[in-house]
Amino acid sequence: MRQVLAVSCNRESFEYDTHALVQSFYPERQVKVLLPERWEEQGVTADIVITILNGQARMKFSIQAAREYTVPLPADKEGGKAVWKRFLYETLCAETKRTLPWGNLTGIRPTKLAMEMLEQGASGEDVLLFLQKEHFVSSEKAALCLDIAQREKKILAQLDRTDGYSLYIGIPFCPTTCLYCSFTSYPVSVWEKRMDAYLDCLAKEIDYVKEAFHGRVPETIYIGGGTPTSLSPERLERLLSKLEESFALEKVKEFTVEAGRADSITREKLRVIRSHHVTRISVNPQTMKDETLHIIGRRHTAAQVREAFLMAREEGFDNINMDLILGLPGETVEDVRRTIEAVKELSPDSLTVHSLALKRASKLGQWIEENGITMLSNTDETMAAAAAGAAEMGMKPYYLYRQKNMSGNFENTGYALPGKNGIYNILIMEEKQTIVALGAGSISKRVYPDGRIERCENVKDVALYIEKIDEMIERKRRLLLEEGH
């Protein structure tokens, strides 16, 4: 069996959904979707041939045995696409003898569908029926989606979705790059001498936001990365002081700093963060198994995670999140249960449970080639263990999103104690409020009253960001200037 699963599709507009669904059913293969002529140029006979022609879709399989399936398509574009996705999903189910927990949904925001229906007056039963009948979502995942959407709706009702805005600040530096990570990050050791120049540029962007929003205070602020605590205490002080000088931070509803990795956290840094109206931090172990931490490139132990967490409690932080990843190399359900027990002993205020996403830009692809994809396993059992652990700590699920190529085709879910929900996390997923994003690789989103969304990006490369900072600010000016903001 060749490594690449070749899919021929003669309709370019169907390529994304086709790739996402075929990859979900064949996670052990590298799926490539190309036009028929592209495969012919390479002399490759496709394993799956998809032909959309004259109001009909035809799929021909030759993976195990030659079989062909057809379905008529409606003339209108959207209707045809919907029928196509249902047909593709049911055909793949028939071929593989399996189903997916999220059915034929390929987008990253399933709760957005539920939220829109609720806002239009649909009942909970209507939402469940739609997800299960139209998209083949399992009853368990449909109920989870509805539960979160209802909770999010109540939280978002407390925000100013018309004139309010949120602020994101990206710190792209990290002690090391983790095995699974595809985010733009830069080693602290290499970029030490240019960090001050980077902070100079962030200060320029902060000045622009202060001017553009006429003294209005952001409803939430989120400093993410990378690893924000890779900055020295002096640089953290500089950044947070700049924010404090520019905005009335005591009026911000939520101010998060990702403290992130235990090998970047010190008491001095925690004290700096605590002194500047920060209301929420993250201490993110991903796992509490030392062998796995070593494999994924995190230069700290589970014991150091405990030490950093308890240190944060000692310094007065009463809203601490922890991140976990399920499906990490070699981890079993028993490993996940042990991690959950270790987290329960620390008793965080929120827990974000990620399903490992297989990202091409990460080092994980090479690891899979050397060790095999069967070493990565996320199952219903591991997801249930994490959900049960969160429930035992008194937490409820409050936000959810999905990514391409997720282990087990599951989801990322945030759980929180009452009153400890991460508001910014909901906003970034549900796209109900303008988010102004600062720093290399960040993306600003302007949300219009009619729901329309426009974006502008900062360049990803740190050196280029520093060089072109005035251009980055001009991009924001053009995004926010039209008809006010």
# chains A, B, ... in the order shown; residues from 1 in each chain; ligands from 1

call {"tool": "residues_around", "arguments": {"residues": "stretch 234-246 of chain A", "least_positions_apart": "3", "cutoff": "8 Å", "atoms": "only C-alpha atoms", "output": "JSON, numbers by chain"}}
result
{"A": [196, 199, 203, 206, 207, 210, 229, 231, 249, 269, 272, 273, 276]}

call {"tool": "residues_around", "arguments": {"residues": "A:Lys204", "least_positions_apart": "3", "cutoff": "12 Å", "atoms": "only C-alpha atoms", "output": "list in words"}}
result
Ala197, Tyr198, Leu199, Asp200, Cys201, Asp207, Tyr208, Val209, Lys210, Glu211, Leu239, Lys242, Leu243, Ser246, Leu438, Gly439, Tyr465, Ile466, Lys468, Ile469, Asp470, Glu471, Met472, Ile473 and Glu474 of chain A

call {"tool": "write_last_selection", "arguments": {"atoms": "C-alpha atoms", "output": "mmCIF file, in the first residue's frame"}}
result
data_model
loop_
_atom_site.group_PDB
_atom_site.id
_atom_site.type_symbol
_atom_site.label_atom_id
_atom_site.label_comp_id
_atom_site.auth_asym_id
_atom_site.auth_seq_id
_atom_site.Cartn_x
_atom_site.Cartn_y
_atom_site.Cartn_z
ATOM 1 C CA ALA A 197 13.016 45.982 19.565
ATOM 2 C CA TYR A 198 9.965 43.684 19.439
ATOM 3 C CA LEU A 199 8.520 45.337 22.552
ATOM 4 C CA ASP A 200 9.159 48.752 20.954
ATOM 5 C CA CYS A 201 6.903 47.675 18.080
ATOM 6 C CA ASP A 207 -0.417 53.540 21.058
ATOM 7 C CA TYR A 208 -2.385 53.170 17.836
ATOM 8 C CA VAL A 209 -5.167 51.159 19.550
ATOM 9 C CA LYS A 210 -5.413 53.758 22.305
ATOM 10 C CA GLU A 211 -5.812 56.466 19.654
ATOM 11 C CA LEU A 239 4.894 45.478 28.532
ATOM 12 C CA LYS A 242 2.637 50.132 28.910
ATOM 13 C CA LEU A 243 -0.819 48.545 28.900
ATOM 14 C CA SER A 246 -2.731 53.152 27.986
ATOM 15 C CA LEU A 438 -0.875 42.939 18.065
ATOM 16 C CA GLY A 439 2.462 41.257 17.416
ATOM 17 C CA TYR A 465 7.405 42.585 11.698
ATOM 18 C CA ILE A 466 9.978 44.858 13.344
ATOM 19 C CA LYS A 468 7.493 46.875 8.744
ATOM 20 C CA ILE A 469 5.745 47.933 11.956
ATOM 21 C CA ASP A 470 4.380 51.125 10.397
ATOM 22 C CA GLU A 471 2.832 49.059 7.608
ATOM 23 C CA MET A 472 1.245 46.730 10.195
ATOM 24 C CA ILE A 473 -0.352 49.732 11.911
ATOM 25 C CA GLU A 474 -1.560 51.090 8.581
#

call {"tool": "atom_distance", "arguments": {"atom1": "atom CA of A:Leu324", "atom2": "atom CA of A:Leu351"}}
result
7.6 Å

call {"tool": "closest_atom_pairs", "arguments": {"of": "stretch 66-182 of chain A", "to": "stretch 5-24 of chain A", "cutoff": "9 Å", "atoms": "only C-alpha atoms", "output": "JSON lines"}}
result
{"residue": "A:Lys81", "atom": "CA", "partner": "A:Phe14", "partner_atom": "CA", "distance": 7.7}
{"residue": "A:Trp84", "atom": "CA", "partner": "A:Phe14", "partner_atom": "CA", "distance": 8.6}
{"residue": "A:Lys85", "atom": "CA", "partner": "A:Asp17", "partner_atom": "CA", "distance": 7.4}
{"residue": "A:Leu88", "atom": "CA", "partner": "A:Thr18", "partner_atom": "CA", "distance": 7.6}
{"residue": "A:Tyr89", "atom": "CA", "partner": "A:Leu21", "partner_atom": "CA", "distance": 7.1}
{"residue": "A:Leu92", "atom": "CA", "partner": "A:Val22", "partner_atom": "CA", "distance": 7.4}
{"residue": "A:Leu100", "atom": "CA", "partner": "A:Ser24", "partner_atom": "CA", "distance": 7.9}
{"residue": "A:Asn104", "atom": "CA", "partner": "A:Leu21", "partner_atom": "CA", "distance": 6.9}
{"residue": "A:Leu105", "atom": "CA", "partner": "A:Leu21", "partner_atom": "CA", "distance": 8.4}
{"residue": "A:Thr106", "atom": "CA", "partner": "A:Ala20", "partner_atom": "CA", "distance": 6.3}
{"residue": "A:Gly107", "atom": "CA", "partner": "A:Asp17", "partner_atom": "CA", "distance": 8.9}

call {"tool": "write_last_selection", "arguments": {"atoms": "N, CA and C atoms", "output": "PDB file, in the first residue's frame"}}
result
ATOM      1  N   LYS A  81     -23.743  21.654  -2.594  1.00  0.00           N
ATOM      2  CA  LYS A  81     -22.618  21.409  -1.695  1.00  0.00           C
ATOM      3  C   LYS A  81     -23.066  20.601  -0.477  1.00  0.00           C
ATOM      4  N   TRP A  84     -23.733  17.070  -1.476  1.00  0.00           N
ATOM      5  CA  TRP A  84     -22.441  16.437  -1.738  1.00  0.00           C
ATOM      6  C   TRP A  84     -21.765  15.984  -0.441  1.00  0.00           C
ATOM      7  N   LYS A  85     -21.745  16.835   0.581  1.00  0.00           N
ATOM      8  CA  LYS A  85     -21.075  16.470   1.825  1.00  0.00           C
ATOM      9  C   LYS A  85     -21.767  15.296   2.516  1.00  0.00           C
ATOM     10  N   LEU A  88     -20.822  12.227   0.394  1.00  0.00           N
ATOM     11  CA  LEU A  88     -19.426  11.852   0.624  1.00  0.00           C
ATOM     12  C   LEU A  88     -19.280  11.142   1.968  1.00  0.00           C
ATOM     13  N   TYR A  89     -19.899  11.699   3.002  1.00  0.00           N
ATOM     14  CA  TYR A  89     -19.794  11.106   4.335  1.00  0.00           C
ATOM     15  C   TYR A  89     -20.401   9.701   4.365  1.00  0.00           C
ATOM     16  N   LEU A  92     -18.211   7.205   2.518  1.00  0.00           N
ATOM     17  CA  LEU A  92     -17.014   6.845   3.275  1.00  0.00           C
ATOM     18  C   LEU A  92     -17.363   5.935   4.445  1.00  0.00           C
ATOM     19  N   LEU A 100     -17.966   8.919  12.213  1.00  0.00           N
ATOM     20  CA  LEU A 100     -17.165   9.920  12.903  1.00  0.00           C
ATOM     21  C   LEU A 100     -18.016  10.607  13.964  1.00  0.00           C
ATOM     22  N   ASN A 104     -20.268  14.844   9.285  1.00  0.00           N
ATOM     23  CA  ASN A 104     -19.623  15.451   8.121  1.00  0.00           C
ATOM     24  C   ASN A 104     -19.237  16.909   8.350  1.00  0.00           C
ATOM     25  N   LEU A 105     -19.240  17.370   9.608  1.00  0.00           N
ATOM     26  CA  LEU A 105     -18.811  18.741   9.886  1.00  0.00           C
ATOM     27  C   LEU A 105     -17.304  18.856   9.697  1.00  0.00           C
ATOM     28  N   THR A 106     -16.872  19.820   8.911  1.00  0.00           N
ATOM     29  CA  THR A 106     -15.448  20.002   8.637  1.00  0.00           C
ATOM     30  C   THR A 106     -14.914  21.334   9.163  1.00  0.00           C
ATOM     31  N   GLY A 107     -15.793  22.242   9.569  1.00  0.00           N
ATOM     32  CA  GLY A 107     -15.350  23.532  10.091  1.00  0.00           C
ATOM     33  C   GLY A 107     -14.846  23.409  11.512  1.00  0.00           C
TER      34      GLY A 107
END

call {"tool": "atom_distance", "arguments": {"atom1": "atom CA of A:Pro218", "atom2": "atom CA of A:Thr266"}}
result
28.1 Å

call {"tool": "select_by_dssp", "arguments": {"residues": "stretch 260-467 of chain A", "states": "strand (DSSP E or B)", "output": "PyMOL selection string"}}
result
chain A and resi 260+280-283+286+320-326+350-355+357+396-401+406+412-416+434-438+443-447+453-457

call {"tool": "write_last_selection", "arguments": {"atoms": "N, CA and C atoms", "output": "CSV table (one decimal), in the first residue's frame"}}
result
chain,number,residue,atom,x,y,z
A,260,GLY,N,2.0,29.6,30.7
A,260,GLY,CA,2.5,28.5,29.9
A,260,GLY,C,3.4,27.5,30.5
A,280,ARG,N,-6.3,36.3,35.1
A,280,ARG,CA,-6.3,34.9,34.8
A,280,ARG,C,-5.0,34.5,34.1
A,281,ILE,N,-4.4,33.4,34.5
A,281,ILE,CA,-3.2,32.8,33.9
A,281,ILE,C,-3.4,31.4,33.5
A,282,SER,N,-2.5,30.9,32.7
A,282,SER,CA,-2.4,29.5,32.4
A,282,SER,C,-1.1,28.9,32.8
A,283,VAL,N,-1.2,27.7,33.4
A,283,VAL,CA,0.0,26.9,33.7
A,283,VAL,C,-0.2,25.6,32.9
A,286,GLN,N,0.3,20.0,29.5
A,286,GLN,CA,0.0,19.1,28.4
A,286,GLN,C,-0.2,17.6,28.9
A,320,ILE,N,-6.7,30.1,37.6
A,320,ILE,CA,-5.6,29.4,36.9
A,320,ILE,C,-6.2,28.3,36.0
A,321,ASN,N,-5.8,28.4,34.7
A,321,ASN,CA,-6.2,27.4,33.7
A,321,ASN,C,-5.0,26.4,33.6
A,322,MET,N,-5.3,25.2,33.2
A,322,MET,CA,-4.3,24.2,32.8
A,322,MET,C,-4.7,23.6,31.5
A,323,ASP,N,-3.8,23.4,30.6
A,323,ASP,CA,-4.0,22.8,29.3
A,323,ASP,C,-3.5,21.4,29.3
A,324,LEU,N,-4.2,20.5,28.7
A,324,LEU,CA,-3.8,19.1,28.5
A,324,LEU,C,-4.0,18.7,27.0
A,325,ILE,N,-3.2,17.8,26.5
A,325,ILE,CA,-3.3,17.3,25.2
A,325,ILE,C,-3.5,15.8,25.2
A,326,LEU,N,-4.6,15.3,24.6
A,326,LEU,CA,-4.8,13.8,24.6
A,326,LEU,C,-4.3,13.3,23.2
A,350,SER,N,-9.9,26.2,35.7
A,350,SER,CA,-10.4,25.8,34.4
A,350,SER,C,-9.4,24.8,33.8
A,351,LEU,N,-9.9,24.0,32.9
A,351,LEU,CA,-9.1,23.0,32.2
A,351,LEU,C,-9.4,22.9,30.8
A,352,THR,N,-8.4,23.1,29.9
A,352,THR,CA,-8.7,23.0,28.5
A,352,THR,C,-8.1,21.7,28.0
A,353,VAL,N,-8.9,20.9,27.4
A,353,VAL,CA,-8.5,19.5,26.9
A,353,VAL,C,-8.5,19.6,25.4
A,354,HIS,N,-7.3,19.4,24.9
A,354,HIS,CA,-7.0,19.4,23.4
A,354,HIS,C,-6.9,17.9,22.9
A,355,SER,N,-7.4,17.7,21.8
A,355,SER,CA,-7.1,16.5,21.0
A,355,SER,C,-5.9,16.8,20.1
A,357,ALA,N,-3.6,17.5,17.3
A,357,ALA,CA,-3.8,17.8,15.9
A,357,ALA,C,-2.5,17.5,15.2
A,396,LYS,N,-17.8,22.8,34.2
A,396,LYS,CA,-18.8,22.6,33.1
A,396,LYS,C,-18.1,23.0,31.8
A,397,PRO,N,-18.4,22.3,30.7
A,397,PRO,CA,-17.8,22.7,29.4
A,397,PRO,C,-18.4,24.1,29.0
A,398,TYR,N,-17.5,25.0,28.5
A,398,TYR,CA,-17.9,26.4,28.2
A,398,TYR,C,-17.5,26.8,26.8
A,399,TYR,N,-16.5,26.2,26.2
A,399,TYR,CA,-16.2,26.5,24.8
A,399,TYR,C,-15.6,25.3,24.1
A,400,LEU,N,-15.7,25.3,22.8
A,400,LEU,CA,-15.3,24.1,22.0
A,400,LEU,C,-14.8,24.5,20.6
A,401,TYR,N,-13.8,23.9,20.1
A,401,TYR,CA,-13.5,24.1,18.7
A,401,TYR,C,-12.7,22.9,18.2
A,406,MET,N,-7.4,16.0,13.5
A,406,MET,CA,-7.3,15.8,15.0
A,406,MET,C,-7.3,14.3,15.2
A,412,ASN,N,-11.5,20.0,20.9
A,412,ASN,CA,-10.8,20.7,22.0
A,412,ASN,C,-12.0,21.3,22.8
A,413,THR,N,-12.0,21.1,24.1
A,413,THR,CA,-13.0,21.6,25.0
A,413,THR,C,-12.5,22.3,26.2
A,414,GLY,N,-13.0,23.4,26.5
A,414,GLY,CA,-12.6,24.2,27.7
A,414,GLY,C,-13.7,23.9,28.8
A,415,TYR,N,-13.2,23.5,30.0
A,415,TYR,CA,-14.1,23.3,31.1
A,415,TYR,C,-13.7,24.4,32.2
A,416,ALA,N,-14.7,24.8,33.0
A,416,ALA,CA,-14.4,25.8,34.0
A,416,ALA,C,-15.4,25.7,35.1
A,434,THR,N,-15.2,42.5,17.8
A,434,THR,CA,-14.0,42.9,17.2
A,434,THR,C,-12.8,42.6,18.1
A,435,ILE,N,-11.8,41.9,17.5
A,435,ILE,CA,-10.5,41.6,18.2
A,435,ILE,C,-9.4,42.3,17.5
A,436,VAL,N,-8.7,43.2,18.2
A,436,VAL,CA,-7.5,43.9,17.6
A,436,VAL,C,-6.3,43.1,18.1
A,437,ALA,N,-5.5,42.6,17.2
A,437,ALA,CA,-4.4,41.7,17.5
A,437,ALA,C,-3.1,42.3,17.2
A,438,LEU,N,-2.2,42.3,18.2
A,438,LEU,CA,-0.9,42.9,18.1
A,438,LEU,C,0.2,41.9,18.1
A,443,ILE,N,-3.7,38.1,14.0
A,443,ILE,CA,-4.8,38.4,13.0
A,443,ILE,C,-5.9,39.2,13.7
A,444,SER,N,-6.1,40.4,13.2
A,444,SER,CA,-7.2,41.2,13.8
A,444,SER,C,-8.5,40.9,13.0
A,445,LYS,N,-9.6,40.9,13.7
A,445,LYS,CA,-10.9,40.7,13.2
A,445,LYS,C,-11.8,41.8,13.5
A,446,ARG,N,-12.4,42.4,12.5
A,446,ARG,CA,-13.4,43.4,12.7
A,446,ARG,C,-14.8,42.8,12.5
A,447,VAL,N,-15.6,42.8,13.5
A,447,VAL,CA,-17.0,42.2,13.4
A,447,VAL,C,-18.0,43.3,13.2
A,453,ILE,N,-17.5,39.8,8.8
A,453,ILE,CA,-16.2,39.8,9.4
A,453,ILE,C,-15.1,40.1,8.4
A,454,GLU,N,-14.2,41.1,8.7
A,454,GLU,CA,-13.1,41.4,7.9
A,454,GLU,C,-11.8,41.2,8.7
A,455,ARG,N,-10.7,40.8,8.1
A,455,ARG,CA,-9.5,40.6,8.8
A,455,ARG,C,-8.3,41.3,8.2
A,456,CYS,N,-7.3,41.5,9.0
A,456,CYS,CA,-6.0,41.9,8.5
A,456,CYS,C,-4.9,41.2,9.4
A,457,GLU,N,-3.8,40.8,8.7
A,457,GLU,CA,-2.8,40.1,9.4
A,457,GLU,C,-1.5,40.9,9.5

call {"tool": "residues_around", "arguments": {"residues": "stretch 288-298 of chain A", "least_positions_apart": "3", "cutoff": "7 Å", "atoms": "only C-alpha atoms", "output": "list in words"}}
result
Thr177, Cys178, Leu179, Pro285, Thr301, Ala302, Pro329 and Thr339 of chain A

call {"tool": "select_by_dssp", "arguments": {"residues": "stretch 22-92 of chain A", "states": "alpha helix (DSSP H)", "output": "VMD selection string"}}
result
chain A and resid 22 to 25 36 to 42 77 to 92

call {"tool": "write_last_selection", "arguments": {"atoms": "C-alpha atoms", "output": "PDB file, in the first residue's frame"}}
result
ATOM      1  CA  VAL A  22     -11.283  11.544   3.522  1.00  0.00           C
ATOM      2  CA  GLN A  23      -8.368  12.285   5.864  1.00  0.00           C
ATOM      3  CA  SER A  24     -10.636  11.760   8.874  1.00  0.00           C
ATOM      4  CA  PHE A  25     -11.613   8.306   7.644  1.00  0.00           C
ATOM      5  CA  PRO A  36      -7.685  14.657 -12.604  1.00  0.00           C
ATOM      6  CA  GLU A  37      -5.186  16.186 -15.026  1.00  0.00           C
ATOM      7  CA  ARG A  38      -2.683  16.756 -12.219  1.00  0.00           C
ATOM      8  CA  TRP A  39      -2.682  13.057 -11.331  1.00  0.00           C
ATOM      9  CA  GLU A  40      -2.419  12.163 -15.022  1.00  0.00           C
ATOM     10  CA  GLU A  41       0.662  14.376 -15.344  1.00  0.00           C
ATOM     11  CA  GLN A  42       2.236  12.416 -12.489  1.00  0.00           C
ATOM     12  CA  LYS A  77     -24.627  25.970  -5.375  1.00  0.00           C
ATOM     13  CA  GLU A  78     -25.260  25.781  -1.619  1.00  0.00           C
ATOM     14  CA  GLY A  79     -27.808  23.003  -1.884  1.00  0.00           C
ATOM     15  CA  GLY A  80     -25.503  21.015  -4.118  1.00  0.00           C
ATOM     16  CA  LYS A  81     -22.618  21.409  -1.695  1.00  0.00           C
ATOM     17  CA  ALA A  82     -24.742  20.234   1.244  1.00  0.00           C
ATOM     18  CA  VAL A  83     -25.998  17.159  -0.615  1.00  0.00           C
ATOM     19  CA  TRP A  84     -22.441  16.437  -1.738  1.00  0.00           C
ATOM     20  CA  LYS A  85     -21.075  16.470   1.825  1.00  0.00           C
ATOM     21  CA  ARG A  86     -23.817  14.143   3.046  1.00  0.00           C
ATOM     22  CA  PHE A  87     -23.194  11.816   0.094  1.00  0.00           C
ATOM     23  CA  LEU A  88     -19.426  11.852   0.624  1.00  0.00           C
ATOM     24  CA  TYR A  89     -19.794  11.106   4.335  1.00  0.00           C
ATOM     25  CA  GLU A  90     -22.280   8.247   3.885  1.00  0.00           C
ATOM     26  CA  THR A  91     -20.152   6.743   1.123  1.00  0.00           C
ATOM     27  CA  LEU A  92     -17.014   6.845   3.275  1.00  0.00           C
TER      28      LEU A  92
END

call {"tool": "decode", "arguments": {"residues": "stretch 431-463 of chain A", "atoms": "C-alpha atoms", "output": "PDB file, in the first residue's frame"}}
result
ATOM      1  CA  GLU A 431     -16.563  35.796  16.411  1.00  0.00           C
ATOM      2  CA  LYS A 432     -19.119  38.085  18.063  1.00  0.00           C
ATOM      3  CA  GLN A 433     -16.805  41.010  18.852  1.00  0.00           C
ATOM      4  CA  THR A 434     -13.970  42.901  17.157  1.00  0.00           C
ATOM      5  CA  ILE A 435     -10.540  41.638  18.219  1.00  0.00           C
ATOM      6  CA  VAL A 436      -7.517  43.859  17.633  1.00  0.00           C
ATOM      7  CA  ALA A 437      -4.411  41.675  17.519  1.00  0.00           C
ATOM      8  CA  LEU A 438      -0.875  42.939  18.065  1.00  0.00           C
ATOM      9  CA  GLY A 439       2.462  41.257  17.416  1.00  0.00           C
ATOM     10  CA  ALA A 440       4.033  39.057  14.761  1.00  0.00           C
ATOM     11  CA  GLY A 441       1.664  36.569  13.132  1.00  0.00           C
ATOM     12  CA  SER A 442      -1.464  37.918  14.832  1.00  0.00           C
ATOM     13  CA  ILE A 443      -4.765  38.396  12.977  1.00  0.00           C
ATOM     14  CA  SER A 444      -7.184  41.225  13.754  1.00  0.00           C
ATOM     15  CA  LYS A 445     -10.909  40.651  13.154  1.00  0.00           C
ATOM     16  CA  ARG A 446     -13.439  43.414  12.713  1.00  0.00           C
ATOM     17  CA  VAL A 447     -16.978  42.201  13.388  1.00  0.00           C
ATOM     18  CA  TYR A 448     -19.726  44.344  11.865  1.00  0.00           C
ATOM     19  CA  PRO A 449     -23.235  44.669  13.350  1.00  0.00           C
ATOM     20  CA  ASP A 450     -24.626  42.566  10.472  1.00  0.00           C
ATOM     21  CA  GLY A 451     -22.244  39.726  11.344  1.00  0.00           C
ATOM     22  CA  ARG A 452     -19.841  40.378   8.479  1.00  0.00           C
ATOM     23  CA  ILE A 453     -16.173  39.824   9.411  1.00  0.00           C
ATOM     24  CA  GLU A 454     -13.080  41.391   7.873  1.00  0.00           C
ATOM     25  CA  ARG A 455      -9.506  40.563   8.810  1.00  0.00           C
ATOM     26  CA  CYS A 456      -5.992  41.899   8.539  1.00  0.00           C
ATOM     27  CA  GLU A 457      -2.799  40.055   9.375  1.00  0.00           C
ATOM     28  CA  ASN A 458       0.548  41.043  10.778  1.00  0.00           C
ATOM     29  CA  VAL A 459       3.490  39.332   9.075  1.00  0.00           C
ATOM     30  CA  LYS A 460       4.636  36.153  10.841  1.00  0.00           C
ATOM     31  CA  ASP A 461       8.386  36.710  10.654  1.00  0.00           C
ATOM     32  CA  VAL A 462       9.602  38.647  13.709  1.00  0.00           C
ATOM     33  CA  ALA A 463      12.398  40.458  11.873  1.00  0.00           C
TER      34      ALA A 463
END
